[in-house]
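Visitor: The structure follows.
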Amino acid sequence: MILKDKTAIITGASDGLGKQVALKLGESGVNLALMARRKEKLEEVKKQIKGVRVAIYPCDIKESIQVKEAVKKIIADFKTIDILLNIAGIWQKRMPVEGIDEQVIGDVISINLTGLIYITRLIIPVLKKQPESAIINVSSKSGVMAQVGQSVYTASKYGVRGFTDVIREDLRGTSVKVAGVYQSGVKTEMFSKTGEKFDEGVFEQFTDPKDLASAIVFMLSQPPHIWLEEIRVNYK
Ligand SMILES: NC(=O)c1ccc[n+]([C@@H]2O[C@H](COP(=O)([O-])OP(=O)(O)OC[C@H]3O[C@@H](n4cnc5c(N)ncnc54)[C@H](OP(=O)(O)O)[C@@H]3O)[C@@H](O)[C@H]2O)c1
């Protein structure tokens with residue numbers, strides 16, 4: 001896809017990977033609708049992007065009414081959407097499932113999985129109107145393999161993988177291409193937000209979110225008849 005003058009929605013654009021994808025797509029000439037809960041963080045990202053149209057839509061993705069309102073505004077503002085990047089997500093501090101708080105279970109599933117489904121189903125009809133369009137869903141290495149202590153996070157990310165695989169087939173033959181991203185550790189604050197701690201030195205080895213953002217832009221920038229349906233990224 002030629003990225004210049006396309007329009008993308010990015011969820012989770014206030015921080016971490018989503019912020020880096022926003023900066024890189026902005027450099028590539030993509031107009032941006034940025035979503036996340038924290039308005040001030042979205043404003044900061046917006047200020048860093050020059051030369052394209054950027055608008056922010058503060059919204060809690062697990063609240064379907066807020067998602068509907070935000071999507072309505074985005075469509076009214078931009079008219080057309082070419083790319084949906086589902087990046088918003090939260091971590092679940094590693095522990096056996098018996099110890100995981102019910103609030104955390106609800107939040108992890110409803111933000112990482114249900115919220116992603118809410119927005120995707122609203123945007124698919126808009127993407128279908130474009131001659132070429134794309135959905136990229138950021139799952140995780142935890143969307144393809146079992147890792148100790150990550151039961152609920154993994155349930156959400158396996159869910160994203162299943163959803164991604166099915167809508168890719170549902171949309172085959174339309175203008176909408178669908179891909180999944182399955183990456184291992186990325187050096188963001190996702191973990192520290194839950195009080196998660198890693199053994200010394202482990203976090204430092206994780207992938208730089210700027211580098212993963214470049215890989216996502218690479219996926220989108222391929223010529224016609226090349227579509228990378230999924231990428232798996234490890235930091236070592
Ligand atoms: N970091 C890793 O090692 C890693 C590895 C594999 C997969 N991933 C996945 O990559 C994605 C991005 O993670 P990250 O590492 O960049 O984390 P991050 O730095 O914590 O960023 C998470 C983003 O999601 C947004 N978000 C969280 N809850 C939300 C909600 N209820 N509604 C709307 N937006 C919400 C946050 O914005 P607000 O707080 O402003 O709402 C923020 O912009 C996630 O899906 C994560 O599961 C990360």
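A note on labels: chains of the structure tokens are A, B, ... as shown, every chain counts residues from 1, and ligands are counted from 1 in their shown order.
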Go through the chains and note each residue within 6 Å of ligand 1, using only C-alpha atoms and all ligand atoms, then give the set as an MDAnalysis selection string.
Guide: chainID A and resid 12:18 36:38 59:62 87:90 111 138:140 183:190
Visitor: Would you export the selected residues with N, CA and C atoms as a compact mmCIF listing (two decimals), in the first residue's frame, please?
Guide:
# COMPACT_ATOMS: atom_id res chain seq x y z
N GLY A 12 -4.65 2.67 21.38
CA GLY A 12 -3.45 2.57 22.22
C GLY A 12 -2.36 3.52 21.76
N ALA A 13 -2.76 4.66 21.22
CA ALA A 13 -1.79 5.58 20.59
C ALA A 13 -1.14 6.53 21.59
N SER A 14 -1.52 6.44 22.87
CA SER A 14 -0.97 7.42 23.83
C SER A 14 0.37 7.00 24.40
N ASP A 15 0.80 5.78 24.15
CA ASP A 15 1.95 5.25 24.88
C ASP A 15 2.57 4.09 24.11
N GLY A 16 3.78 3.70 24.51
CA GLY A 16 4.38 2.45 24.07
C GLY A 16 4.40 2.24 22.56
N LEU A 17 4.02 1.06 22.14
CA LEU A 17 4.07 0.69 20.72
C LEU A 17 3.14 1.56 19.86
N GLY A 18 1.92 1.79 20.34
CA GLY A 18 0.95 2.57 19.55
C GLY A 18 1.45 3.97 19.26
N ALA A 36 -7.13 6.43 22.81
CA ALA A 36 -6.64 5.89 24.09
C ALA A 36 -7.47 6.61 25.14
N ARG A 37 -7.28 6.26 26.42
CA ARG A 37 -8.07 6.93 27.45
C ARG A 37 -7.51 8.29 27.83
N ARG A 38 -6.16 8.41 27.90
CA ARG A 38 -5.55 9.63 28.47
C ARG A 38 -5.40 10.74 27.42
N CYS A 59 -11.05 7.78 24.73
CA CYS A 59 -12.13 6.78 24.77
C CYS A 59 -11.63 5.54 25.52
N ASP A 60 -12.50 4.95 26.32
CA ASP A 60 -12.16 3.67 26.96
C ASP A 60 -12.69 2.56 26.05
N ILE A 61 -11.79 1.80 25.50
CA ILE A 61 -12.17 0.84 24.46
C ILE A 61 -13.07 -0.29 24.97
N LYS A 62 -13.09 -0.48 26.29
CA LYS A 62 -13.96 -1.55 26.80
C LYS A 62 -15.41 -1.10 26.96
N ILE A 87 -4.04 -1.73 18.72
CA ILE A 87 -2.82 -1.88 19.54
C ILE A 87 -3.12 -1.78 21.05
N ALA A 88 -4.22 -1.12 21.44
CA ALA A 88 -4.52 -0.94 22.87
C ALA A 88 -4.50 -2.27 23.60
N GLY A 89 -3.90 -2.28 24.77
CA GLY A 89 -3.90 -3.52 25.56
C GLY A 89 -3.27 -3.28 26.91
N ILE A 90 -3.57 -4.20 27.83
CA ILE A 90 -2.96 -4.13 29.17
C ILE A 90 -2.39 -5.49 29.53
N ILE A 111 -10.58 -5.24 27.60
CA ILE A 111 -9.75 -4.26 26.87
C ILE A 111 -9.03 -4.97 25.71
N VAL A 138 -2.61 -6.31 17.02
CA VAL A 138 -1.43 -6.65 17.81
C VAL A 138 -1.85 -7.64 18.90
N SER A 139 -1.46 -8.88 18.70
CA SER A 139 -1.67 -9.91 19.71
C SER A 139 -0.39 -9.98 20.53
N SER A 140 0.28 -11.13 20.52
CA SER A 140 1.47 -11.31 21.36
C SER A 140 2.03 -12.70 21.10
N GLN A 183 4.35 -10.79 18.99
CA GLN A 183 5.72 -10.48 19.40
C GLN A 183 5.97 -10.82 20.86
N SER A 184 7.23 -11.05 21.13
CA SER A 184 7.68 -11.29 22.49
C SER A 184 7.89 -9.94 23.18
N GLY A 185 8.67 -9.90 24.24
CA GLY A 185 8.80 -8.69 25.06
C GLY A 185 9.21 -7.44 24.33
N VAL A 186 8.52 -6.36 24.63
CA VAL A 186 8.82 -5.04 24.07
C VAL A 186 9.08 -4.10 25.25
N LYS A 187 10.06 -3.23 25.07
CA LYS A 187 10.49 -2.37 26.18
C LYS A 187 9.53 -1.19 26.33
N THR A 188 8.39 -1.43 26.97
CA THR A 188 7.43 -0.36 27.24
C THR A 188 7.05 -0.40 28.72
N GLU A 189 6.18 0.51 29.12
CA GLU A 189 5.78 0.55 30.53
C GLU A 189 4.59 -0.35 30.83
N MET A 190 4.19 -1.17 29.83
CA MET A 190 3.02 -2.04 30.04
C MET A 190 3.16 -2.89 31.30
Visitor: Among region 16-234 of chain A, which ones does DSSP place in helix (DSSP H, G or I), written as number ranges by chain?
Guide: A: 16-27, 39-48, 64-78, 97-99, 102-128, 141-143, 151-171, 192-194, 202-205, 209-220
Visitor: May I have the residues from that selection written out with C-alpha atoms, as a compact mmCIF listing (two decimals), in the first residue's frame?
Guide:
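Written file, selection.txt:
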# COMPACT_ATOMS: atom_id res chain seq x y z
CA GLY A 16 4.38 2.45 24.07
CA LEU A 17 4.07 0.69 20.72
CA GLY A 18 0.95 2.57 19.55
CA LYS A 19 2.67 5.93 20.06
CA GLN A 20 5.71 4.81 18.05
CA VAL A 21 3.49 3.49 15.24
CA ALA A 22 1.68 6.86 15.19
CA LEU A 23 4.98 8.76 14.90
CA LYS A 24 6.25 6.50 12.11
CA LEU A 25 3.00 6.55 10.12
CA GLY A 26 2.89 10.34 10.49
CA GLU A 27 6.38 10.50 8.96
CA LYS A 39 -6.31 12.85 26.60
CA GLU A 40 -3.16 14.69 27.73
CA LYS A 41 -0.89 11.86 26.52
CA LEU A 42 -2.71 11.82 23.16
CA GLU A 43 -2.22 15.61 22.92
CA GLU A 44 1.54 15.12 23.48
CA VAL A 45 1.72 12.54 20.68
CA LYS A 46 -0.29 14.79 18.38
CA LYS A 47 2.14 17.69 19.00
CA GLN A 48 5.05 15.52 17.86
CA SER A 64 -19.04 0.03 23.70
CA ILE A 65 -20.97 3.33 23.90
CA GLN A 66 -17.72 5.32 24.07
CA VAL A 67 -16.28 3.33 21.16
CA LYS A 68 -19.43 3.98 19.07
CA GLU A 69 -19.28 7.72 19.86
CA ALA A 70 -15.58 7.94 19.00
CA VAL A 71 -15.99 6.00 15.74
CA LYS A 72 -18.92 8.22 14.74
CA LYS A 73 -16.76 11.32 15.28
CA ILE A 74 -13.79 9.81 13.40
CA ILE A 75 -15.93 8.97 10.38
CA ALA A 76 -17.53 12.43 10.42
CA ASP A 77 -14.08 14.08 10.64
CA PHE A 78 -12.08 11.96 8.18
CA VAL A 97 -5.07 -17.87 37.98
CA GLU A 98 -6.40 -18.47 41.51
CA GLY A 99 -4.63 -15.29 42.61
CA GLU A 102 -11.80 -10.56 39.22
CA GLN A 103 -11.47 -6.90 38.28
CA VAL A 104 -8.19 -7.68 36.50
CA ILE A 105 -9.75 -10.66 34.70
CA GLY A 106 -12.60 -8.47 33.46
CA ASP A 107 -10.33 -5.63 32.40
CA VAL A 108 -7.79 -7.79 30.56
CA ILE A 109 -10.44 -9.63 28.55
CA SER A 110 -12.60 -6.59 27.88
CA ILE A 111 -9.75 -4.26 26.87
CA ASN A 112 -7.50 -6.70 24.99
CA LEU A 113 -10.22 -8.72 23.28
CA THR A 114 -13.79 -7.39 23.55
CA GLY A 115 -12.79 -3.76 22.93
CA LEU A 116 -10.78 -4.79 19.88
CA ILE A 117 -13.85 -6.60 18.53
CA TYR A 118 -16.11 -3.60 19.27
CA ILE A 119 -14.06 -1.21 17.19
CA THR A 120 -13.22 -3.65 14.40
CA ARG A 121 -16.86 -4.50 13.64
CA LEU A 122 -17.71 -0.81 13.38
CA ILE A 123 -14.79 -0.01 11.06
CA ILE A 124 -14.98 -2.96 8.65
CA PRO A 125 -17.86 -1.44 6.59
CA VAL A 126 -15.85 1.80 6.25
CA LEU A 127 -12.69 -0.05 5.20
CA LYS A 128 -14.64 -2.05 2.63
CA LYS A 141 3.77 -14.28 21.60
CA SER A 142 1.21 -15.11 24.34
CA GLY A 143 -1.30 -15.43 21.48
CA SER A 151 -3.36 -17.37 31.91
CA VAL A 152 -5.78 -14.46 31.53
CA TYR A 153 -3.50 -12.32 29.32
CA THR A 154 -2.93 -15.40 27.16
CA ALA A 155 -6.67 -16.11 26.97
CA SER A 156 -7.18 -12.57 25.68
CA LYS A 157 -4.34 -12.82 23.14
CA TYR A 158 -5.32 -16.29 21.87
CA GLY A 159 -8.76 -14.75 21.47
CA VAL A 160 -7.31 -11.93 19.37
CA ARG A 161 -5.50 -14.49 17.23
CA GLY A 162 -8.68 -16.52 16.66
CA PHE A 163 -10.68 -13.39 15.86
CA THR A 164 -7.96 -12.19 13.47
CA ASP A 165 -7.78 -15.52 11.65
CA VAL A 166 -11.55 -15.69 11.18
CA ILE A 167 -12.08 -12.12 9.97
CA ARG A 168 -9.16 -12.57 7.55
CA GLU A 169 -11.13 -15.43 5.97
CA ASP A 170 -14.45 -13.56 6.19
CA LEU A 171 -12.88 -10.62 4.35
CA SER A 192 5.55 -1.66 35.29
CA LYS A 193 1.93 -0.36 35.22
CA THR A 194 0.95 -3.63 36.97
CA VAL A 202 15.69 -9.44 31.05
CA PHE A 203 13.69 -6.26 30.39
CA GLU A 204 16.75 -4.55 28.92
CA GLN A 205 16.94 -7.20 26.18
CA PRO A 209 9.02 -0.29 20.43
CA LYS A 210 10.43 1.99 17.68
CA ASP A 211 11.85 -1.07 15.92
CA LEU A 212 8.59 -3.01 16.19
CA ALA A 213 6.75 0.06 14.88
CA SER A 214 9.06 0.00 11.84
CA ALA A 215 8.17 -3.66 11.26
CA ILE A 216 4.45 -2.79 11.34
CA VAL A 217 4.96 0.06 8.86
CA PHE A 218 6.92 -2.38 6.67
CA MET A 219 3.91 -4.76 6.70
CA LEU A 220 1.65 -1.95 5.51
Visitor: What's the separation between CA of Ala179 (chain A) and CA of Leu228 (chain A), in Å to one decimal place?
Guide: 6.8 Å
Visitor: Identify all residues of region 52-131 of chain A in strand (DSSP E or B) (DSSP on the backbone) and supply them as number ranges by chain.
Guide: A: 54-58, 83-86
Visitor: Quick one: residues within 6 Å of Thr7 (chain A), only C-alpha atoms, excluding same-chain residues fewer than 2 positions away - as a list in words?
Guide: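 The filter keeps Val30, Asn31, Leu32, Ile81 and Asp82 of chain A.
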Visitor: What does the structure give for the distance between CA of Val148 (chain A) and CA of Ile136 (chain A), in Å to one decimal?
Guide: 26.7 Å
